$ cat model_37.pdb   # PDB, C-alpha atoms and all ligand atoms
MODEL        1
ATOM      1  CA  MET E   1       4.494  29.702   1.355  1.00  0.00           C
ATOM      2  CA  ILE E   2       5.342  28.049   4.672  1.00  0.00           C
ATOM      3  CA  ASN E   3       7.171  30.170   7.206  1.00  0.00           C
ATOM      4  CA  ALA E   4       9.677  28.699   9.660  1.00  0.00           C
ATOM      5  CA  ASP E   5       7.013  27.951  12.284  1.00  0.00           C
ATOM      6  CA  GLY E   6       4.573  26.569   9.750  1.00  0.00           C
ATOM      7  CA  CYS E   7       7.362  24.404   8.358  1.00  0.00           C
ATOM      8  CA  PHE E   8       7.687  22.484  11.608  1.00  0.00           C
ATOM      9  CA  GLU E   9       3.923  22.097  11.924  1.00  0.00           C
ATOM     10  CA  HIS E  10       3.747  20.866   8.354  1.00  0.00           C
ATOM     11  CA  MET E  11       6.353  18.189   9.118  1.00  0.00           C
ATOM     12  CA  VAL E  12       4.403  17.128  12.229  1.00  0.00           C
ATOM     13  CA  ASP E  13       1.189  17.029  10.219  1.00  0.00           C
ATOM     14  CA  CYS E  14       2.777  14.795   7.553  1.00  0.00           C
ATOM     15  CA  LEU E  15       4.100  12.370  10.170  1.00  0.00           C
ATOM     16  CA  ASN E  16       0.727  12.404  11.953  1.00  0.00           C
ATOM     17  CA  ARG E  17      -0.932  11.185   8.755  1.00  0.00           C
ATOM     18  CA  LEU E  18       0.975   7.878   8.948  1.00  0.00           C
ATOM     19  CA  PRO E  19      -0.923   4.941  10.503  1.00  0.00           C
ATOM     20  CA  GLY E  20      -0.456   4.516  14.231  1.00  0.00           C
ATOM     21  CA  ILE E  21       1.322   7.860  14.650  1.00  0.00           C
ATOM     22  CA  GLY E  22      -0.561  10.195  16.991  1.00  0.00           C
ATOM     23  CA  ILE E  23       0.159  13.895  17.262  1.00  0.00           C
ATOM     24  CA  ARG E  24       2.489  13.552  20.282  1.00  0.00           C
ATOM     25  CA  THR E  25       4.528  10.824  18.624  1.00  0.00           C
ATOM     26  CA  ALA E  26       4.652  12.879  15.417  1.00  0.00           C
ATOM     27  CA  GLU E  27       6.058  15.832  17.392  1.00  0.00           C
ATOM     28  CA  ARG E  28       8.687  13.644  19.074  1.00  0.00           C
ATOM     29  CA  MET E  29       9.709  12.262  15.687  1.00  0.00           C
ATOM     30  CA  ALA E  30       9.912  15.759  14.219  1.00  0.00           C
ATOM     31  CA  TYR E  31      12.140  17.010  17.067  1.00  0.00           C
ATOM     32  CA  ARG E  32      14.377  13.952  16.680  1.00  0.00           C
ATOM     33  CA  LEU E  33      14.661  14.565  12.943  1.00  0.00           C
ATOM     34  CA  LEU E  34      15.585  18.206  13.539  1.00  0.00           C
ATOM     35  CA  ALA E  35      18.169  17.244  16.162  1.00  0.00           C
ATOM     36  CA  GLN E  36      19.729  14.821  13.678  1.00  0.00           C
ATOM     37  CA  SER E  37      19.276  16.815  10.499  1.00  0.00           C
ATOM     38  CA  ASP E  38      22.746  15.875   9.184  1.00  0.00           C
ATOM     39  CA  THR E  39      22.250  12.156   9.668  1.00  0.00           C
ATOM     40  CA  LEU E  40      18.765  10.793  10.300  1.00  0.00           C
ATOM     41  CA  MET E  41      16.851  13.496   8.409  1.00  0.00           C
ATOM     42  CA  ARG E  42      19.237  13.317   5.466  1.00  0.00           C
ATOM     43  CA  ASP E  43      19.062   9.495   5.337  1.00  0.00           C
ATOM     44  CA  LEU E  44      15.266   9.539   5.594  1.00  0.00           C
ATOM     45  CA  ARG E  45      14.971  12.146   2.862  1.00  0.00           C
ATOM     46  CA  GLU E  46      17.196  10.078   0.566  1.00  0.00           C
ATOM     47  CA  ALA E  47      15.244   6.894   1.342  1.00  0.00           C
ATOM     48  CA  LEU E  48      11.927   8.646   0.605  1.00  0.00           C
ATOM     49  CA  ASP E  49      13.268  10.117  -2.645  1.00  0.00           C
ATOM     50  CA  ARG E  50      14.511   6.703  -3.788  1.00  0.00           C
ATOM     51  CA  ALA E  51      11.243   4.999  -2.813  1.00  0.00           C
ATOM     52  CA  ALA E  52       9.173   7.673  -4.568  1.00  0.00           C
ATOM     53  CA  ALA E  53      11.188   7.171  -7.750  1.00  0.00           C
ATOM     54  CA  GLY E  54      11.615   3.402  -7.653  1.00  0.00           C
ATOM     55  CA  LEU E  55       8.645   1.852  -5.833  1.00  0.00           C
ATOM     56  CA  ARG E  56       4.909   1.706  -6.481  1.00  0.00           C
ATOM     57  CA  CYS E  57       1.874  -0.061  -5.106  1.00  0.00           C
ATOM     58  CA  CYS E  58       0.628  -2.390  -7.859  1.00  0.00           C
ATOM     59  CA  GLU E  59      -2.356  -0.735  -9.565  1.00  0.00           C
ATOM     60  CA  GLN E  60      -4.211  -4.042  -9.438  1.00  0.00           C
ATOM     61  CA  CYS E  61      -3.461  -5.767  -6.118  1.00  0.00           C
ATOM     62  CA  GLY E  62      -1.656  -3.095  -4.110  1.00  0.00           C
ATOM     63  CA  ALA E  63       1.537  -5.127  -3.544  1.00  0.00           C
ATOM     64  CA  VAL E  64       4.864  -3.336  -3.618  1.00  0.00           C
ATOM     65  CA  THR E  65       6.349  -3.310  -7.095  1.00  0.00           C
ATOM     66  CA  THR E  66       8.393  -1.100  -9.432  1.00  0.00           C
ATOM     67  CA  PRO E  67       7.166   1.421 -12.035  1.00  0.00           C
ATOM     68  CA  ASP E  68       8.207  -0.887 -14.911  1.00  0.00           C
ATOM     69  CA  GLN E  69       6.440  -3.949 -13.403  1.00  0.00           C
ATOM     70  CA  ASN E  70       2.921  -2.670 -12.846  1.00  0.00           C
ATOM     71  CA  PRO E  71       0.705  -4.776 -12.559  1.00  0.00           C
ATOM     72  CA  CYS E  72       3.123  -6.747 -10.399  1.00  0.00           C
ATOM     73  CA  ARG E  73       4.480 -10.241 -11.062  1.00  0.00           C
ATOM     74  CA  LEU E  74       1.887 -11.789  -8.688  1.00  0.00           C
ATOM     75  CA  CYS E  75      -0.909 -10.316 -10.807  1.00  0.00           C
ATOM     76  CA  VAL E  76       0.526 -11.375 -14.170  1.00  0.00           C
ATOM     77  CA  SER E  77       2.039 -14.760 -13.299  1.00  0.00           C
ATOM     78  CA  PRO E  78       0.277 -17.551 -15.269  1.00  0.00           C
ATOM     79  CA  GLU E  79       1.111 -19.925 -12.444  1.00  0.00           C
ATOM     80  CA  ARG E  80      -1.295 -18.285  -9.977  1.00  0.00           C
ATOM     81  CA  ASP E  81      -4.907 -19.403  -9.600  1.00  0.00           C
ATOM     82  CA  ASP E  82      -7.341 -16.779 -10.940  1.00  0.00           C
ATOM     83  CA  HIS E  83     -10.286 -18.356  -9.155  1.00  0.00           C
ATOM     84  CA  ILE E  84      -9.295 -17.438  -5.627  1.00  0.00           C
ATOM     85  CA  LEU E  85      -8.652 -13.900  -4.431  1.00  0.00           C
ATOM     86  CA  CYS E  86      -7.217 -13.107  -1.018  1.00  0.00           C
ATOM     87  CA  VAL E  87      -8.154  -9.716   0.482  1.00  0.00           C
ATOM     88  CA  VAL E  88      -5.602  -8.293   2.919  1.00  0.00           C
ATOM     89  CA  GLU E  89      -5.102  -4.930   4.615  1.00  0.00           C
ATOM     90  CA  SER E  90      -1.577  -4.048   3.573  1.00  0.00           C
ATOM     91  CA  PRO E  91       1.143  -4.939   1.038  1.00  0.00           C
ATOM     92  CA  GLU E  92       3.126  -6.249   4.015  1.00  0.00           C
ATOM     93  CA  ASP E  93       0.470  -8.931   4.560  1.00  0.00           C
ATOM     94  CA  ILE E  94       0.990 -10.131   0.973  1.00  0.00           C
ATOM     95  CA  LEU E  95       4.694 -10.548   1.708  1.00  0.00           C
ATOM     96  CA  VAL E  96       3.945 -12.551   4.859  1.00  0.00           C
ATOM     97  CA  LEU E  97       1.464 -14.840   3.077  1.00  0.00           C
ATOM     98  CA  GLU E  98       3.923 -15.378   0.228  1.00  0.00           C
ATOM     99  CA  ARG E  99       6.590 -16.339   2.739  1.00  0.00           C
ATOM    100  CA  CYS E 100       4.366 -18.972   4.308  1.00  0.00           C
ATOM    101  CA  GLY E 101       3.792 -20.404   0.818  1.00  0.00           C
ATOM    102  CA  SER E 102       0.320 -21.823   1.434  1.00  0.00           C
ATOM    103  CA  PHE E 103      -1.588 -19.559  -0.970  1.00  0.00           C
ATOM    104  CA  ARG E 104      -1.356 -19.689  -4.781  1.00  0.00           C
ATOM    105  CA  GLY E 105      -4.195 -17.381  -5.809  1.00  0.00           C
ATOM    106  CA  ARG E 106      -4.266 -13.636  -6.460  1.00  0.00           C
ATOM    107  CA  TYR E 107      -4.271 -10.808  -3.922  1.00  0.00           C
ATOM    108  CA  HIS E 108      -6.079  -7.552  -3.244  1.00  0.00           C
ATOM    109  CA  ALA E 109      -4.721  -5.162  -0.596  1.00  0.00           C
ATOM    110  CA  LEU E 110      -7.163  -2.599   0.791  1.00  0.00           C
ATOM    111  CA  LEU E 111      -4.300  -0.305   1.857  1.00  0.00           C
ATOM    112  CA  GLY E 112      -6.177   0.400   5.094  1.00  0.00           C
ATOM    113  CA  LYS E 113      -9.131  -0.613   7.209  1.00  0.00           C
ATOM    114  CA  LEU E 114     -12.171   1.046   8.729  1.00  0.00           C
ATOM    115  CA  SER E 115     -10.852   3.187  11.548  1.00  0.00           C
ATOM    116  CA  ALA E 116     -12.703   5.686  13.686  1.00  0.00           C
ATOM    117  CA  HIS E 117      -9.367   6.670  15.232  1.00  0.00           C
ATOM    118  CA  GLN E 118      -7.526   7.353  11.973  1.00  0.00           C
ATOM    119  CA  GLY E 119     -10.633   8.648  10.246  1.00  0.00           C
ATOM    120  CA  ASP E 120     -10.555   5.999   7.499  1.00  0.00           C
ATOM    121  CA  GLY E 121     -14.037   5.315   6.110  1.00  0.00           C
ATOM    122  CA  PRO E 122     -15.167   2.899   3.369  1.00  0.00           C
ATOM    123  CA  ALA E 123     -14.177   5.422   0.681  1.00  0.00           C
ATOM    124  CA  ASP E 124     -10.535   5.248   1.805  1.00  0.00           C
ATOM    125  CA  LEU E 125     -10.323   1.527   1.122  1.00  0.00           C
ATOM    126  CA  ARG E 126      -9.849   0.094  -2.352  1.00  0.00           C
ATOM    127  CA  LEU E 127     -13.329  -1.413  -2.325  1.00  0.00           C
ATOM    128  CA  ASP E 128     -14.544  -0.035  -5.653  1.00  0.00           C
ATOM    129  CA  ARG E 129     -11.433  -1.433  -7.277  1.00  0.00           C
ATOM    130  CA  LEU E 130     -12.176  -4.794  -5.618  1.00  0.00           C
ATOM    131  CA  MET E 131     -15.752  -4.793  -6.942  1.00  0.00           C
ATOM    132  CA  ARG E 132     -14.541  -4.010 -10.463  1.00  0.00           C
ATOM    133  CA  ARG E 133     -12.076  -6.876 -10.269  1.00  0.00           C
ATOM    134  CA  LEU E 134     -14.771  -9.298  -9.146  1.00  0.00           C
ATOM    135  CA  GLU E 135     -16.952  -8.271 -12.065  1.00  0.00           C
ATOM    136  CA  HIS E 136     -14.201  -8.897 -14.596  1.00  0.00           C
ATOM    137  CA  GLU E 137     -12.095 -11.718 -13.166  1.00  0.00           C
ATOM    138  CA  PRO E 138     -13.169 -15.375 -12.848  1.00  0.00           C
ATOM    139  CA  VAL E 139     -13.068 -15.329  -9.036  1.00  0.00           C
ATOM    140  CA  ALA E 140     -14.996 -18.161  -7.358  1.00  0.00           C
ATOM    141  CA  GLU E 141     -13.757 -17.598  -3.795  1.00  0.00           C
ATOM    142  CA  VAL E 142     -12.768 -14.487  -1.852  1.00  0.00           C
ATOM    143  CA  VAL E 143     -10.648 -15.137   1.243  1.00  0.00           C
ATOM    144  CA  LEU E 144     -10.853 -12.367   3.828  1.00  0.00           C
ATOM    145  CA  ALA E 145      -7.398 -12.497   5.416  1.00  0.00           C
ATOM    146  CA  LEU E 146      -7.698  -9.445   7.619  1.00  0.00           C
ATOM    147  CA  ASN E 147      -6.190  -8.885  11.028  1.00  0.00           C
ATOM    148  CA  THR E 148      -7.850  -9.929  14.263  1.00  0.00           C
ATOM    149  CA  ASP E 149      -8.699  -6.606  15.924  1.00  0.00           C
ATOM    150  CA  VAL E 150     -12.072  -4.858  16.216  1.00  0.00           C
ATOM    151  CA  GLU E 151     -11.512  -2.483  13.273  1.00  0.00           C
ATOM    152  CA  SER E 152     -10.449  -5.344  11.005  1.00  0.00           C
ATOM    153  CA  ASP E 153     -13.560  -7.327  12.009  1.00  0.00           C
ATOM    154  CA  ALA E 154     -15.717  -4.317  11.072  1.00  0.00           C
ATOM    155  CA  THR E 155     -13.893  -4.083   7.742  1.00  0.00           C
ATOM    156  CA  ALA E 156     -14.424  -7.808   7.060  1.00  0.00           C
ATOM    157  CA  ALA E 157     -18.142  -7.453   7.866  1.00  0.00           C
ATOM    158  CA  LEU E 158     -18.441  -4.504   5.465  1.00  0.00           C
ATOM    159  CA  ILE E 159     -16.756  -6.419   2.652  1.00  0.00           C
ATOM    160  CA  ALA E 160     -18.853  -9.555   3.274  1.00  0.00           C
ATOM    161  CA  GLU E 161     -21.944  -7.323   2.980  1.00  0.00           C
ATOM    162  CA  ARG E 162     -20.723  -5.803  -0.305  1.00  0.00           C
ATOM    163  CA  LEU E 163     -20.059  -9.291  -1.663  1.00  0.00           C
ATOM    164  CA  ARG E 164     -23.603 -10.489  -0.976  1.00  0.00           C
ATOM    165  CA  PRO E 165     -24.855  -9.671  -4.518  1.00  0.00           C
ATOM    166  CA  PHE E 166     -22.238 -12.076  -5.953  1.00  0.00           C
ATOM    167  CA  LYS E 167     -24.491 -15.044  -5.213  1.00  0.00           C
ATOM    168  CA  LYS E 168     -22.251 -17.794  -6.604  1.00  0.00           C
ATOM    169  CA  MET E 169     -19.101 -16.546  -4.964  1.00  0.00           C
ATOM    170  CA  LYS E 170     -17.802 -18.308  -1.889  1.00  0.00           C
ATOM    171  CA  VAL E 171     -16.589 -15.947   0.849  1.00  0.00           C
ATOM    172  CA  THR E 172     -14.253 -17.374   3.463  1.00  0.00           C
ATOM    173  CA  ARG E 173     -12.068 -16.088   6.252  1.00  0.00           C
ATOM    174  CA  LEU E 174      -8.954 -17.461   7.886  1.00  0.00           C
ATOM    175  CA  ALA E 175      -9.495 -20.139  10.524  1.00  0.00           C
ATOM    176  CA  HIS E 176      -9.191 -19.114  14.136  1.00  0.00           C
ATOM    177  CA  GLY E 177      -5.825 -19.638  15.711  1.00  0.00           C
ATOM    178  CA  LEU E 178      -4.153 -16.343  14.844  1.00  0.00           C
ATOM    179  CA  PRO E 179      -3.330 -14.250  17.920  1.00  0.00           C
ATOM    180  CA  ALA E 180      -6.373 -12.156  18.890  1.00  0.00           C
ATOM    181  CA  GLY E 181      -6.081  -8.378  18.489  1.00  0.00           C
ATOM    182  CA  SER E 182      -3.036  -8.549  16.257  1.00  0.00           C
ATOM    183  CA  GLY E 183      -1.974  -8.686  12.642  1.00  0.00           C
ATOM    184  CA  LEU E 184      -0.925 -11.262  10.093  1.00  0.00           C
ATOM    185  CA  VAL E 185       2.609  -9.950  10.264  1.00  0.00           C
ATOM    186  CA  TYR E 186       2.875 -11.128  13.882  1.00  0.00           C
ATOM    187  CA  SER E 187       1.812 -14.692  13.063  1.00  0.00           C
ATOM    188  CA  ASP E 188       4.363 -17.414  12.524  1.00  0.00           C
ATOM    189  CA  PRO E 189       4.303 -19.021   9.041  1.00  0.00           C
ATOM    190  CA  VAL E 190       3.090 -22.414  10.310  1.00  0.00           C
ATOM    191  CA  THR E 191       0.086 -20.925  12.159  1.00  0.00           C
ATOM    192  CA  LEU E 192      -0.727 -18.688   9.209  1.00  0.00           C
ATOM    193  CA  GLY E 193      -0.465 -21.632   6.797  1.00  0.00           C
ATOM    194  CA  ARG E 194      -2.874 -23.630   8.962  1.00  0.00           C
ATOM    195  CA  ALA E 195      -5.285 -20.681   9.198  1.00  0.00           C
ATOM    196  CA  MET E 196      -5.283 -20.420   5.401  1.00  0.00           C
ATOM    197  CA  ALA E 197      -5.708 -24.177   4.864  1.00  0.00           C
ATOM    198  CA  GLY E 198      -8.566 -24.321   7.393  1.00  0.00           C
ATOM    199  CA  ARG E 199     -10.383 -21.204   6.169  1.00  0.00           C
ATOM    200  CA  GLN E 200     -14.092 -21.132   6.904  1.00  0.00           C
ATOM    201  CA  SER E 201     -17.146 -19.908   5.115  1.00  0.00           C
ATOM    202  CA  VAL E 202     -18.525 -16.517   6.132  1.00  0.00           C
ATOM    203  CA  ASP E 203     -22.290 -16.731   6.759  1.00  0.00           C
TER     204      ASP E 203
HETATM  205 ZN    ZN A   1      -0.298  -6.896  -8.252  1.00  0.00          ZN
ENDMDL
END

$ encode --input "model_37.pdb" --output "structure tokens" --more "lines below"
Ligand SMILES: [Zn+2]
Amino acid sequence: MINADGCFEHMVDCLNRLPGIGIRTAERMAYRLLAQSDTLMRDLREALDRAAAGLRCCEQCGAVTTPDQNPCRLCVSPERDDHILCVVESPEDILVLERCGSFRGRYHALLGKLSAHQGDGPADLRLDRLMRRLEHEPVAEVVLALNTDVESDATAALIAERLRPFKKMKVTRLAHGLPAGSGLVYSDPVTLGRAMAGRQSVD
């Protein structure tokens, strides 16, 4: 049972568990929510309830989908190429790559990255799921389409290492040209399309 004081701390703790939200920011958000409990807090609660009931991350690739379309349409579409799998950090990255239209393979979202700051280790990523997919799907090339910051580079290096036993599999990463220290979502579609088209082999 959470008392009144514990209730506030619990809210702060929940907000603090979101990526990029430190404890101070979580507290500021919690105070703002309390101050606007009849508007902002109510709207947020309704949005979360609706999302919890109506949205899922695809059990296969991690993209956003609905409970009655899981695996998602990207995973089941016969028009996608089974031989090339693009590994991204978040479902948002899948959306961005789909918008740029230069990739026709399948996806796998890690739903995170290695992060000393957030405390995410290899076990928090969907790596085991990725390995299982590679064992059962006819993938000939894995494209590492991760962001361009230090933590993403460490994540890409870890995955490249795990993929080493798959001797015949080509492992590539996006060509340089994306803004350093940022994410796919901040790239314009033309630059991202070029980075995908010019992807390079990982040694
Ligand atoms: Zn999917």

$ residues_near_ligand --input "model_37.pdb" --ligand "ligand ZN 1 (chain A)" --cutoff "6 Å" --atoms "only C-alpha atoms and all ligand atoms" --output "NGL selection string"
:E and (58 or 60-63 or 71-72 or 74-75)

$ closest_atom_pairs --input "model_37.pdb" --of "range 73-142 of chain E" --to "range 177-200 of chain E" --cutoff "12 Å" --atoms "all atoms listed in the file" --output "Markdown table"
| residue | atom | partner | partner_atom | distance |
| --- | --- | --- | --- | --- |
| E:Cys86 | CA | E:Met196 | CA | 9.9 |
| E:Val88 | CA | E:Leu184 | CA | 9.1 |
| E:Glu89 | CA | E:Leu184 | CA | 9.4 |
| E:Ser90 | CA | E:Leu184 | CA | 9.7 |
| E:Pro91 | CA | E:Val185 | CA | 10.6 |
| E:Glu92 | CA | E:Val185 | CA | 7.3 |
| E:Asp93 | CA | E:Leu184 | CA | 6.2 |
| E:Ile94 | CA | E:Leu184 | CA | 9.4 |
| E:Leu95 | CA | E:Val185 | CA | 8.8 |
| E:Val96 | CA | E:Val185 | CA | 6.1 |
| E:Leu97 | CA | E:Leu192 | CA | 7.6 |
| E:Glu98 | CA | E:Pro189 | CA | 9.5 |
| E:Arg99 | CA | E:Pro189 | CA | 7.2 |
| E:Cys100 | CA | E:Pro189 | CA | 4.7 |
| E:Gly101 | CA | E:Gly193 | CA | 7.4 |
| E:Ser102 | CA | E:Gly193 | CA | 5.4 |
| E:Phe103 | CA | E:Met196 | CA | 7.4 |
| E:Arg104 | CA | E:Met196 | CA | 10.9 |
| E:Gly105 | CA | E:Met196 | CA | 11.7 |
| E:Glu141 | CA | E:Arg199 | CA | 11.1 |
| E:Val142 | CA | E:Arg199 | CA | 10.7 |

$ write_last_selection --input "model_37.pdb" --atoms "C-alpha atoms" --output "mmCIF file, in the coordinates of the input"
data_model
loop_
_atom_site.group_PDB
_atom_site.id
_atom_site.type_symbol
_atom_site.label_atom_id
_atom_site.label_comp_id
_atom_site.auth_asym_id
_atom_site.auth_seq_id
_atom_site.Cartn_x
_atom_site.Cartn_y
_atom_site.Cartn_z
ATOM 1 C CA CYS E 86 -7.217 -13.107 -1.018
ATOM 2 C CA VAL E 88 -5.602 -8.293 2.919
ATOM 3 C CA GLU E 89 -5.102 -4.930 4.615
ATOM 4 C CA SER E 90 -1.577 -4.048 3.573
ATOM 5 C CA PRO E 91 1.143 -4.939 1.038
ATOM 6 C CA GLU E 92 3.126 -6.249 4.015
ATOM 7 C CA ASP E 93 0.470 -8.931 4.560
ATOM 8 C CA ILE E 94 0.990 -10.131 0.973
ATOM 9 C CA LEU E 95 4.694 -10.548 1.708
ATOM 10 C CA VAL E 96 3.945 -12.551 4.859
ATOM 11 C CA LEU E 97 1.464 -14.840 3.077
ATOM 12 C CA GLU E 98 3.923 -15.378 0.228
ATOM 13 C CA ARG E 99 6.590 -16.339 2.739
ATOM 14 C CA CYS E 100 4.366 -18.972 4.308
ATOM 15 C CA GLY E 101 3.792 -20.404 0.818
ATOM 16 C CA SER E 102 0.320 -21.823 1.434
ATOM 17 C CA PHE E 103 -1.588 -19.559 -0.970
ATOM 18 C CA ARG E 104 -1.356 -19.689 -4.781
ATOM 19 C CA GLY E 105 -4.195 -17.381 -5.809
ATOM 20 C CA GLU E 141 -13.757 -17.598 -3.795
ATOM 21 C CA VAL E 142 -12.768 -14.487 -1.852
#

$ residues_near_point --input "model_37.pdb" --point "(-9.9, -11.4, -5.6)" --cutoff "9 Å" --atoms "only C-alpha atoms" --output "compact mmCIF listing (two decimals) with C-alpha atoms, keeping the file's coordinate frame"
# COMPACT_ATOMS: atom_id res chain seq x y z
CA CYS E 61 -3.46 -5.77 -6.12
CA ASP E 82 -7.34 -16.78 -10.94
CA HIS E 83 -10.29 -18.36 -9.15
CA ILE E 84 -9.30 -17.44 -5.63
CA LEU E 85 -8.65 -13.90 -4.43
CA CYS E 86 -7.22 -13.11 -1.02
CA VAL E 87 -8.15 -9.72 0.48
CA GLY E 105 -4.20 -17.38 -5.81
CA ARG E 106 -4.27 -13.64 -6.46
CA TYR E 107 -4.27 -10.81 -3.92
CA HIS E 108 -6.08 -7.55 -3.24
CA LEU E 130 -12.18 -4.79 -5.62
CA MET E 131 -15.75 -4.79 -6.94
CA ARG E 133 -12.08 -6.88 -10.27
CA LEU E 134 -14.77 -9.30 -9.15
CA GLU E 137 -12.10 -11.72 -13.17
CA PRO E 138 -13.17 -15.38 -12.85
CA VAL E 139 -13.07 -15.33 -9.04
CA ALA E 140 -15.00 -18.16 -7.36
CA GLU E 141 -13.76 -17.60 -3.80
CA VAL E 142 -12.77 -14.49 -1.85
CA VAL E 143 -10.65 -15.14 1.24

$ residues_around --input "model_37.pdb" --residues "Glu151 in chain E" --least-positions-apart "5" --cutoff "8 Å" --atoms "only C-alpha atoms" --output "list in words"
Lys113, Leu114 and Ser115 of chain E

$ atom_distance --input "model_37.pdb" --atom1 "CA of Ala157 in chain E" --atom2 "CA of Gly22 in chain E"
26.5 Å

$ axis_aligned_box --input "model_37.pdb" --around "range 92-106 of chain E" --padding-each-side "3 Å" --output "lines of an AutoDock Vina configuration file"
center_x = 1.2
center_y = -14.0
center_z = -0.8
size_x = 16.9
size_y = 21.6
size_z = 17.3

$ residues_around --input "model_37.pdb" --residues "Ala26 in chain E" --least-positions-apart "6" --cutoff "12 Å" --atoms "all atoms listed in the file" --output "PyMOL selection string"
chain E and resi 8-20+32-33

$ atom_distance --input "model_37.pdb" --atom1 "CA of Thr155 in chain E" --atom2 "CA of Lys168 in chain E"
21.5 Å

$ atom_distance --input "model_37.pdb" --atom1 "CA of Cys7 in chain E" --atom2 "CA of Leu111 in chain E"
28.1 Å
